[in-house]
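Worksheet: the structure to be examined is printed underneath.
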Amino acid sequence: MIRIEHKLAVAAPPQAVWRILSDPFEVAMSLPGATVTERRDDGSYLGHVTVKVGPLGATYRGVMRFERLDSERFEVELVGQGLDAKGRGSAEMRMTSRLVPLEDGGTEVHVTADIGIKGILAQLGRGMLEGVSARLFQQFGAALERRLERRPDAAASGA
């Protein structure tokens, strides 16, 4: 397992950020290479994510579900697992996100993820995987900012 921790600040109130982070379809629109394809009756979600690490890439198809959604504390915990579409490995993840209100009205997003990878991408080593994670998180943060700027409710502090 690899533990990855990131944080970023966005210029929107926690309520607006929460509306995106608590909706898997919205999160996938901000995460490069991710797509949520279906919400199942049991509350889990099907989808896939494509990850490219150096010369190697993998598309994982799988399922994710919320373990915890705490709208009062602005905390989300989700778990996901998937198999490489070409049968070359698997991945699993447990991710916790927490929103912290900032004095300027913005929000700091804290993310901790424990990720386990087996197969072709696992051969690349921890350092390369952490570098890719940092890049993906930066891209996610930029996409999240753009989505918040376009949402009419992003400027509202309590709606």
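Each chain in the structure tokens gets a letter, A, B and so on, in the order shown; residues start at 1 in every chain, and ligands are counted from 1 in the order they appear.
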
For stretch 43-58 of chain A, list every protein, DNA or RNA residue within 8 Å, evaluated using only C-alpha atoms, and leave out those in the same chain fewer than 2 positions away; present the list as a PyMOL selection string.
chain A and resi 24+33-41+60-66+82+84-86+120-121+128-129+132

Export of prior selection with C-alpha atoms as a short mmCIF file (atom, residue, chain, number, x, y, z; two decimals), in the first residue's frame:
data_model
loop_
_atom_site.label_atom_id
_atom_site.label_comp_id
_atom_site.auth_asym_id
_atom_site.auth_seq_id
_atom_site.Cartn_x
_atom_site.Cartn_y
_atom_site.Cartn_z
CA PRO A 24 -19.15 10.70 -7.93
CA GLY A 33 -9.09 9.77 -17.22
CA ALA A 34 -12.03 8.92 -14.92
CA THR A 35 -15.60 8.11 -15.87
CA VAL A 36 -18.52 7.00 -13.72
CA THR A 37 -20.83 4.95 -15.90
CA GLU A 38 -23.58 3.77 -13.58
CA ARG A 39 -25.11 4.07 -10.12
CA ARG A 40 -26.20 0.66 -8.89
CA ASP A 41 -29.18 -0.10 -6.66
CA TYR A 60 -9.02 -0.06 -14.47
CA ARG A 61 -12.71 -0.95 -14.56
CA GLY A 62 -14.36 -1.35 -11.23
CA VAL A 63 -16.66 -0.26 -8.47
CA MET A 64 -16.55 2.42 -5.79
CA ARG A 65 -18.79 3.24 -2.86
CA PHE A 66 -18.97 5.77 -0.08
CA GLY A 82 -10.82 -2.36 -10.13
CA ASP A 84 -7.05 -3.77 -15.47
CA ALA A 85 -9.12 -4.05 -18.66
CA LYS A 86 -6.30 -6.09 -20.29
CA ILE A 120 2.21 -3.89 -14.57
CA LEU A 121 2.06 -0.47 -12.89
CA MET A 128 7.08 7.29 -9.91
CA LEU A 129 3.56 6.50 -8.65
CA VAL A 132 1.92 10.72 -11.11
#

Can you pull out every residue from chain A that DSSP, working from the backbone, puts in strand (DSSP E), and format the result as a PyMOL selection string?
chain A and resi 2-10+34-39+45-53+56-70+75-84+89-101+107-119

Could you give me, as a list in words, the residues within 9 Å of A:Val76, counting only C-alpha atoms and dropping anything in the same chain fewer than 4 positions from it?
Leu21, Ser22, Phe66, Glu67, Arg68, Leu69, Asp70, Ser71, Met95, Thr96, Ser97 and Arg98 of chain A

Which of A:Pro101, A:Gly80, A:Gly106, A:Gly131 sits closest to A:Glu145 [using only C-alpha atoms]:
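The shortest atom-to-atom distance to A:Glu145 comes from A:Gly106.
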
With distances taken over only C-alpha atoms, which residue among A:Glu92, A:Glu149, A:Asp104, A:Glu130 lies nearest A:Ile117?
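Of A:Glu92, A:Glu149, A:Asp104, A:Glu130, the one nearest A:Ile117, counting only C-alpha atoms, is A:Glu92.
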
Nearest to A:Ile20, chosen from A:Leu144, A:Ala122, A:Val111, A:Met93, with only C-alpha atoms counted in the distances
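Counting only C-alpha atoms, the residue closest to A:Ile20 is A:Leu144.
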
Point-to-point distance in Å for atom CA of A:Gly141 and atom CA of A:Met29
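Atom CA of A:Gly141 lies at a distance of 11.6 Å from atom CA of A:Met29.
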
Among chain A, which ones does DSSP place in alpha helix (DSSP H), written as a PyMOL selection string?
chain A and resi 14-21+24-30+126-150

Writer output for current selection, C-alpha atoms, as a tab-separated table (two decimals), in the first residue's frame:
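Final output, part09.tsv:
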chain	number	residue	atom	x	y	z
A	14	PRO	CA	-17.12	24.50	1.68
A	15	GLN	CA	-20.81	23.98	0.82
A	16	ALA	CA	-20.13	24.52	-2.89
A	17	VAL	CA	-17.08	22.25	-2.86
A	18	TRP	CA	-19.05	19.63	-0.91
A	19	ARG	CA	-21.75	19.49	-3.58
A	20	ILE	CA	-19.11	18.38	-6.06
A	21	LEU	CA	-17.00	16.08	-3.85
A	24	PRO	CA	-19.15	10.70	-7.93
A	25	PHE	CA	-20.33	11.86	-11.35
A	26	GLU	CA	-19.11	15.40	-10.56
A	27	VAL	CA	-15.78	14.16	-9.19
A	28	ALA	CA	-15.15	12.07	-12.31
A	29	MET	CA	-15.67	15.15	-14.49
A	30	SER	CA	-12.76	16.78	-12.64
A	126	ARG	CA	6.70	4.17	-5.28
A	127	GLY	CA	8.48	7.36	-6.39
A	128	MET	CA	7.08	7.29	-9.91
A	129	LEU	CA	3.56	6.50	-8.65
A	130	GLU	CA	3.74	9.36	-6.14
A	131	GLY	CA	4.84	11.73	-8.91
A	132	VAL	CA	1.92	10.72	-11.11
A	133	SER	CA	-0.42	11.09	-8.13
A	134	ALA	CA	0.83	14.63	-7.50
A	135	ARG	CA	0.31	15.55	-11.17
A	136	LEU	CA	-3.20	14.05	-11.23
A	137	PHE	CA	-4.11	15.89	-8.03
A	138	GLN	CA	-2.91	19.21	-9.51
A	139	GLN	CA	-5.00	18.56	-12.61
A	140	PHE	CA	-7.97	17.63	-10.43
A	141	GLY	CA	-7.58	20.85	-8.42
A	142	ALA	CA	-7.48	22.99	-11.57
A	143	ALA	CA	-10.53	21.21	-13.02
A	144	LEU	CA	-12.37	21.55	-9.69
A	145	GLU	CA	-11.67	25.30	-9.69
A	146	ARG	CA	-13.02	25.61	-13.26
A	147	ARG	CA	-16.17	23.65	-12.37
A	148	LEU	CA	-16.75	25.82	-9.29
A	149	GLU	CA	-16.30	29.02	-11.33
A	150	ARG	CA	-18.99	27.87	-13.78

Nearest to A:Glu5: which of A:Ser90, A:Ala113, A:Leu78, A:Gly119 is it, counting only C-alpha atoms?
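Looking only at the distances to A:Glu5, the closest residue turns out to be A:Ala113.
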